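Written out below as structure tokens is the structure these notes cover.
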Amino acid sequence: MNYITLLNNQTIGIAAIPEISYDTFFEINTGFITQHPERHCVNYFGYKIGDAIKLICCIADDNTHQIYVSSCVVKRETPMLALTSKLLCFEKFEREIHENFGLNFIHHPWLKPLRYAFNRFDTSQTIANYPFYSIKSEELHEVGVGPIHAGVIEPGHFRFICNGEQILHLEIQLGYQHRGIEQLFLDKKELLQRATLAESIAGDTVSGHATAFASLWESLCHFQPTRALDFTRTVAQELERIAIHTGDLSALCADIAYQLGASVFGRLRTPIVNFMQEWGGNRLSKGLIRAGHNPFPFTPALAARLLAVFDAFEPDFNEMCKQMFKLPSASSRFERTGVVSYDDVLSINAVGMAARSSGLHRDIRLSHPYGLYPELNHEPVIKRHGDVYSRVQMRKEEIKQSIEYVRKLIATVPEPHADDNLLQSPQTDAFTITLVEAWRGEICHCAITDAHGELLIYKIKDPSFHNWMALAMAVRNNEISDFPVSNKSFNLSYAGHDL
Amino acid sequence: MLSFALIFIAGIFFSGIISRTKSIFSGRKGPGIMQPIKDIIRLFRKGAVYSQTSSFVFQIAPTIYFSSVVMAMLIVPFGQSKGLISFNGDFIFFAYVLALGKFFSIISALDTGSSFGGMGASREALYSMFAEPAFFILIGSLALLTGHSSFQEIFSALHLGSYITYALAILATFVLLMIAMIENSRMPIDDPKTHLELTMIHEVMILENSGFDLGLILSAGCLKFAIYGALIVNLFIGIFPYEYTIPLFFITQFLIAITIGTIESFMARFRMGHNAQFIFALTSVSLLIFFGALLILGKFI
């Protein structure tokens, strides 16, 4: 066998992953994806073993619920045909591997630096000399936005090449934050420190990343999560989806200067996050999800409170949606703005909500279920047009779906169990992969342990990693003044990219 | 002199009433009516910061912009009382003295060399250019109708006409109101509250202005609104005595401010590409007024 087949949250010995030559590695991994829209690369990374670099590639199959993992060991100097030369979806992964280890990929379109890690291979490449795509034309002009965001949120530089008001090309340069999260996971030895780190990967996806870390750690320690644990995680993620989507609808309305929508949706988000505060003591659900431990069990009293919150939320939400969707000036801004085609989302490996808005069936809750999703019989919301309007509708429908799921779940609150399960130490020389569908899309965490059960490598992939490219594709041939609303319709994370 | 004082007083309250309307509609407590003026006073006490890459144009432009608006204010009459400046063809002077101010604000935005400044300048220039025919056809038709060519004479003669002149006045109100929205960069053309530079028109041009200069630009904006409001009031008051017209002036200004606040609360702004169409459509409304005037004069069969 050239690869090993895993399920979501499965731990195996690192030696069980077949090590194959780079040529075979190239053949099977490109072979998996070519002509198979149901398969995509969830993680592809390298790490040092002595002088050599070991590459591990994980391809998820949505139909069989499996993940195909293969590996190969390569030398830095050896020229290797880039996987990107055949499939564009590997582009970012190979840029990152090249940046960190200086591997000699050939026929890669452009090995630009990605996030300027402090331990990158070539430290002469700095953010100041980033190689932008540029034009030599008297007629076109460049507009640079950032790195300081107009709303002072997070840093990122956007360089537009425009013909008058029309955008011809957008290049998004990230990598300003240098947080070194993956390295911090190795340096911080306490479980609590690591859980806190996981919560800080992207501030708006706390329960998503916390669930990914907790599930991964439990899998490494061979701990079977109880129903109460799964319940907490599933409810927390769906509530996060409702809260963030509602907030995004508010921000989208603000971007098209529709004041009524902005204020009503903004107000509707508050009771949901306030409920999180009531439940776990933090509006962003920090501290709620811990590996092997349920610090804030969900109680029937909380369930009654949450039902009251939903009963107040739904009528207002439905009325506001009705108002917004029948407003001609709002539809005129949303429709046919920021279109990403199905072929584009497929080739750039877009995930989550952005991919589903363009008609791509990609939802980990269905394809690689975890937590309590198997019993919810999740049916992803799919839209076809891939414009801002689709993404607005997607949010509306996902909010309704999530409310329905949470209502179904809290109808039977599981008995809180005695909290005395001690986690064993992690399996030695092991490999674990965890996939989670957070509100923005698929999160992938991978971990490898060494002979003492210490973390050797911790690899995170946030949905923003690929979806930023979808934004760059979406704004092509749009008016430059429509960029903010397209951008907000994706609402991608800078922090999730700049790990 | 009377109109100058009235416009000044209305200008003080105008922006405050708009933002108060918006905050009431969105269920917020919102700032007080005097807040915009307090902000301007705060700015007047500050010094300005100039970029090293900008030239003297950037430094004189806010002053010229402000004085052009004050100059335009002097021309506007109030009922029977003439403006401080009044002569035949003063409405042309009115339009172009405002255009002069706008010209300077455009070249000062270009002067900063920022990528946004140029973008905003080109948009502002385009939209003012499209709004110009609407204004001239409107005032020109009224001049044709009344046979006079100064603001004060046009407005007092207009009132003496038949009831159909009131119908024309209502159409003219619409056109003037929309021109006021365009000139002051309000919704649905521009969104004055946005923080997104890429969607701004007027705001992006004054991004680099600070302190005293910014205060001048903002106060000119308040006055400009009241000037257009005063023109609209003039369409109706004609020869009524002052004890009616002065309250009517403030009521009309108040209603205009509330109308603007309501529009800004309950609709989304236009897509930038649709703005040009919308503004140009105003010209066709002006043409209606022109044909109306021709009908009244019996130039048509």
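By convention in this document, the chains of the structure tokens carry letters A, B, ... by their order, each chain's residues are numbered from 1, and ligands are numbered from 1 in the order they are shown.
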Restrict the distance test to only C-alpha atoms, flag each residue of chain A within 8 Å of chain B, and return the flagged residues as number ranges by chain.
-> A: 142-144, 150-151, 253-260, 263-264, 327, 329-330, 332-333, 479-484
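Excluding stretch 149-154 of chain B and any residue on its chain fewer than 4 positions from it, the residues at most 6 Å away by only C-alpha atoms are B:Pro77, B:Lys82, B:Phe87, B:Asn88, B:Gly89, B:Asp90, B:Ala143, B:Leu158.
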Would you save the residues of that selection, restricted to N, CA and C atoms, as a PDB file, in the first residue's frame?
ATOM      1  N   PRO B  77     -31.324  84.480  -1.903  1.00  0.00           N
ATOM      2  CA  PRO B  77     -32.259  85.471  -1.356  1.00  0.00           C
ATOM      3  C   PRO B  77     -33.177  84.824  -0.327  1.00  0.00           C
ATOM      4  N   LYS B  82     -33.379  90.504  -0.788  1.00  0.00           N
ATOM      5  CA  LYS B  82     -32.331  90.012  -1.680  1.00  0.00           C
ATOM      6  C   LYS B  82     -31.184  89.428  -0.872  1.00  0.00           C
ATOM      7  N   PHE B  87     -27.441  90.066  -8.681  1.00  0.00           N
ATOM      8  CA  PHE B  87     -27.336  90.716  -9.993  1.00  0.00           C
ATOM      9  C   PHE B  87     -27.927  89.783 -11.024  1.00  0.00           C
ATOM     10  N   ASN B  88     -28.110  90.252 -12.232  1.00  0.00           N
ATOM     11  CA  ASN B  88     -28.664  89.405 -13.283  1.00  0.00           C
ATOM     12  C   ASN B  88     -27.694  88.268 -13.601  1.00  0.00           C
ATOM     13  N   GLY B  89     -28.212  87.060 -13.583  1.00  0.00           N
ATOM     14  CA  GLY B  89     -27.350  85.908 -13.869  1.00  0.00           C
ATOM     15  C   GLY B  89     -26.584  85.434 -12.647  1.00  0.00           C
ATOM     16  N   ASP B  90     -27.037  85.847 -11.455  1.00  0.00           N
ATOM     17  CA  ASP B  90     -26.281  85.443 -10.263  1.00  0.00           C
ATOM     18  C   ASP B  90     -26.349  83.940 -10.013  1.00  0.00           C
ATOM     19  N   ALA B 143     -36.089  80.586 -15.004  1.00  0.00           N
ATOM     20  CA  ALA B 143     -35.766  81.906 -15.529  1.00  0.00           C
ATOM     21  C   ALA B 143     -36.577  82.184 -16.787  1.00  0.00           C
ATOM     22  N   LEU B 158     -42.042  83.759  -9.520  1.00  0.00           N
ATOM     23  CA  LEU B 158     -42.561  82.394  -9.620  1.00  0.00           C
ATOM     24  C   LEU B 158     -43.845  82.255  -8.816  1.00  0.00           C
TER      25      LEU B 158
END
Which stretch 443-471 of chain A residues have any atom within 10 Å of an atom of stretch 351-365 of chain A, and for each, what is the nearest pair of atoms with distance in Å to one decimal, counting only C-alpha atoms, rows sorted by chain and number, as JSON lines?
{"residue": "A:Ile443", "atom": "CA", "partner": "A:Ile364", "partner_atom": "CA", "distance": 9.0}
{"residue": "A:Asp462", "atom": "CA", "partner": "A:Val351", "partner_atom": "CA", "distance": 9.8}
{"residue": "A:Pro463", "atom": "CA", "partner": "A:Val351", "partner_atom": "CA", "distance": 6.3}
{"residue": "A:Ser464", "atom": "CA", "partner": "A:Val351", "partner_atom": "CA", "distance": 8.6}
{"residue": "A:Phe465", "atom": "CA", "partner": "A:Val351", "partner_atom": "CA", "distance": 9.5}
{"residue": "A:His466", "atom": "CA", "partner": "A:Val351", "partner_atom": "CA", "distance": 7.4}
{"residue": "A:Asn467", "atom": "CA", "partner": "A:Val351", "partner_atom": "CA", "distance": 6.8}
{"residue": "A:Ala470", "atom": "CA", "partner": "A:Ala354", "partner_atom": "CA", "distance": 7.8}
{"residue": "A:Leu471", "atom": "CA", "partner": "A:Ala354", "partner_atom": "CA", "distance": 9.2}
For N, CA and C atoms, I'd like the residues from the last selection saved as a PDB file, in the first residue's frame.
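Ended up saving to again-v8.pdb:
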ATOM      1  N   ILE A 443     -11.713  22.962   9.741  1.00  0.00           N
ATOM      2  CA  ILE A 443     -10.469  23.169  10.482  1.00  0.00           C
ATOM      3  C   ILE A 443      -9.774  21.825  10.545  1.00  0.00           C
ATOM      4  N   ASP A 462      -6.442  26.504   9.183  1.00  0.00           N
ATOM      5  CA  ASP A 462      -7.694  27.238   9.377  1.00  0.00           C
ATOM      6  C   ASP A 462      -8.371  27.367   8.012  1.00  0.00           C
ATOM      7  N   PRO A 463      -9.717  27.445   7.963  1.00  0.00           N
ATOM      8  CA  PRO A 463     -10.388  27.608   6.666  1.00  0.00           C
ATOM      9  C   PRO A 463      -9.923  28.838   5.883  1.00  0.00           C
ATOM     10  N   SER A 464      -9.461  29.870   6.586  1.00  0.00           N
ATOM     11  CA  SER A 464      -9.040  31.080   5.874  1.00  0.00           C
ATOM     12  C   SER A 464      -7.832  30.825   4.986  1.00  0.00           C
ATOM     13  N   PHE A 465      -7.051  29.800   5.319  1.00  0.00           N
ATOM     14  CA  PHE A 465      -5.826  29.505   4.578  1.00  0.00           C
ATOM     15  C   PHE A 465      -6.091  29.462   3.070  1.00  0.00           C
ATOM     16  N   HIS A 466      -7.127  28.760   2.665  1.00  0.00           N
ATOM     17  CA  HIS A 466      -7.446  28.672   1.237  1.00  0.00           C
ATOM     18  C   HIS A 466      -8.435  29.728   0.791  1.00  0.00           C
ATOM     19  N   ASN A 467      -9.365  30.080   1.688  1.00  0.00           N
ATOM     20  CA  ASN A 467     -10.466  30.910   1.239  1.00  0.00           C
ATOM     21  C   ASN A 467     -10.067  32.342   0.886  1.00  0.00           C
ATOM     22  N   ALA A 470     -10.149  32.622  -2.624  1.00  0.00           N
ATOM     23  CA  ALA A 470     -11.495  32.729  -3.193  1.00  0.00           C
ATOM     24  C   ALA A 470     -11.912  34.193  -3.249  1.00  0.00           C
ATOM     25  N   LEU A 471     -11.539  34.967  -2.234  1.00  0.00           N
ATOM     26  CA  LEU A 471     -11.860  36.394  -2.247  1.00  0.00           C
ATOM     27  C   LEU A 471     -11.149  37.085  -3.397  1.00  0.00           C
TER      28      LEU A 471
END
Rows by chain and residue number, stretch 59-143 of chain B within 7 Å of stretch 219-228 of chain B, shortest pair, only C-alpha atoms, as JSON lines:
{"residue": "B:Phe66", "atom": "CA", "partner": "B:Ala220", "partner_atom": "CA", "distance": 5.2}
{"residue": "B:Val69", "atom": "CA", "partner": "B:Ala220", "partner_atom": "CA", "distance": 6.1}
{"residue": "B:Met73", "atom": "CA", "partner": "B:Ile227", "partner_atom": "CA", "distance": 6.3}
Export of the given selection (C-alpha atoms) as a PDB file, in the first residue's frame:
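What landed in selection.pdb:
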ATOM      1  CA  PHE B  66     -15.058  77.254   2.806  1.00  0.00           C
ATOM      2  CA  VAL B  69     -19.552  78.140   0.183  1.00  0.00           C
ATOM      3  CA  MET B  73     -24.522  81.735   0.738  1.00  0.00           C
TER       4      MET B  73
END
9 Å contact set for A:Ala451, only C-alpha atoms, chain neighbours under 4 positions out, as an mmCIF file with N, CA and C atoms, in the first residue's frame:
data_model
loop_
_atom_site.group_PDB
_atom_site.id
_atom_site.type_symbol
_atom_site.label_atom_id
_atom_site.label_comp_id
_atom_site.auth_asym_id
_atom_site.auth_seq_id
_atom_site.Cartn_x
_atom_site.Cartn_y
_atom_site.Cartn_z
ATOM 1 N N GLN A 427 -0.129 8.738 23.357
ATOM 2 C CA GLN A 427 0.570 7.603 22.748
ATOM 3 C C GLN A 427 1.902 8.088 22.174
ATOM 4 N N THR A 428 2.918 7.251 22.272
ATOM 5 C CA THR A 428 4.222 7.655 21.737
ATOM 6 C C THR A 428 4.280 7.357 20.246
ATOM 7 N N ASP A 429 5.122 8.140 19.556
ATOM 8 C CA ASP A 429 5.332 7.976 18.107
ATOM 9 C C ASP A 429 4.012 7.843 17.343
ATOM 10 N N ALA A 430 3.090 8.737 17.646
ATOM 11 C CA ALA A 430 1.766 8.603 17.043
ATOM 12 C C ALA A 430 1.455 9.764 16.105
#
Stretch 165-176 of chain A environment, 7 Å, only C-alpha atoms, sequence neighbours closer than 2 positions dropped, as a ChimeraX atom specification = /A:114-116,155-163,178,472,475-480,498
Residues near A:Ala198, cut-off 7 Å, only C-alpha atoms, skip fewer than 5 positions along chain, as a ChimeraX atom specification | /A:209-210,213
Test item: residues at most 9 Å from stretch 43-48 of chain A, only C-alpha atoms, excluding those fewer than 3 positions along its chain, as a compact mmCIF listing (two decimals) with C-alpha atoms, in the first residue's frame:
# COMPACT_ATOMS: atom_id res chain seq x y z
CA ASP A 51 18.94 16.62 7.57
CA ALA A 52 16.00 15.34 5.63
CA ILE A 53 12.44 16.58 5.49
CA LYS A 54 9.46 14.33 5.87
CA LEU A 55 6.37 15.37 3.93
CA ILE A 56 2.94 14.21 5.01
CA CYS A 57 -0.10 14.67 2.83
CA CYS A 58 -3.68 14.06 3.99
CA ILE A 59 -6.47 13.78 1.41
CA PHE A 90 -1.47 22.49 -3.37
CA PHE A 93 0.87 24.24 1.09
CA GLU A 94 3.96 24.10 -1.10
CA GLU A 96 4.62 27.18 3.16
CA ILE A 97 6.88 24.10 2.94
CA ASN A 100 10.09 26.85 6.07
CA PHE A 101 12.56 24.33 4.64
CA CYS A 444 -7.74 20.56 10.39
CA HIS A 445 -5.37 19.89 13.27
CA CYS A 446 -2.61 17.27 12.98
CA ILE A 457 4.88 18.68 15.47
CA LYS A 459 0.00 21.53 12.44
CA ILE A 460 -3.04 23.74 12.11
CA LYS A 461 -5.05 24.58 9.01
For stretch 301-307 of chain A, work out the shell of residues within 9 Å, counting only C-alpha atoms and skipping chain neighbours fewer than 2 positions away, then give it as a list in words.
->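 In the requested format, the answer is Ile272, Phe275, Glu278, Trp279, Phe298, Thr299, Val309, Phe310, Asp311, Ala312, Arg407, Ile410, Ala411 and Val413 of chain A.
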For atom CA of A:Thr5 and atom CA of A:Asn349, the interatomic separation in Å (one decimal) =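 Computing it gives 20.7 Å between the two atoms.
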Residue list (alpha helix (DSSP H), DSSP) for stretch 148-225 of chain A, as a ChimeraX atom specification = /A:181-187,191-199,206-220
Expressed in Å to a single decimal, how great is the separation between atom CA of A:Leu288 and atom CA of A:Thr196?
->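 Taking atom CA of A:Leu288 as the start and atom CA of A:Thr196 as the end point, the length is 10.5 Å.
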Sel. of strand (DSSP E or B) residues, stretch 127-267 of chain A, as a PyMOL selection string = chain A and resi 141-145+157-163+166-173
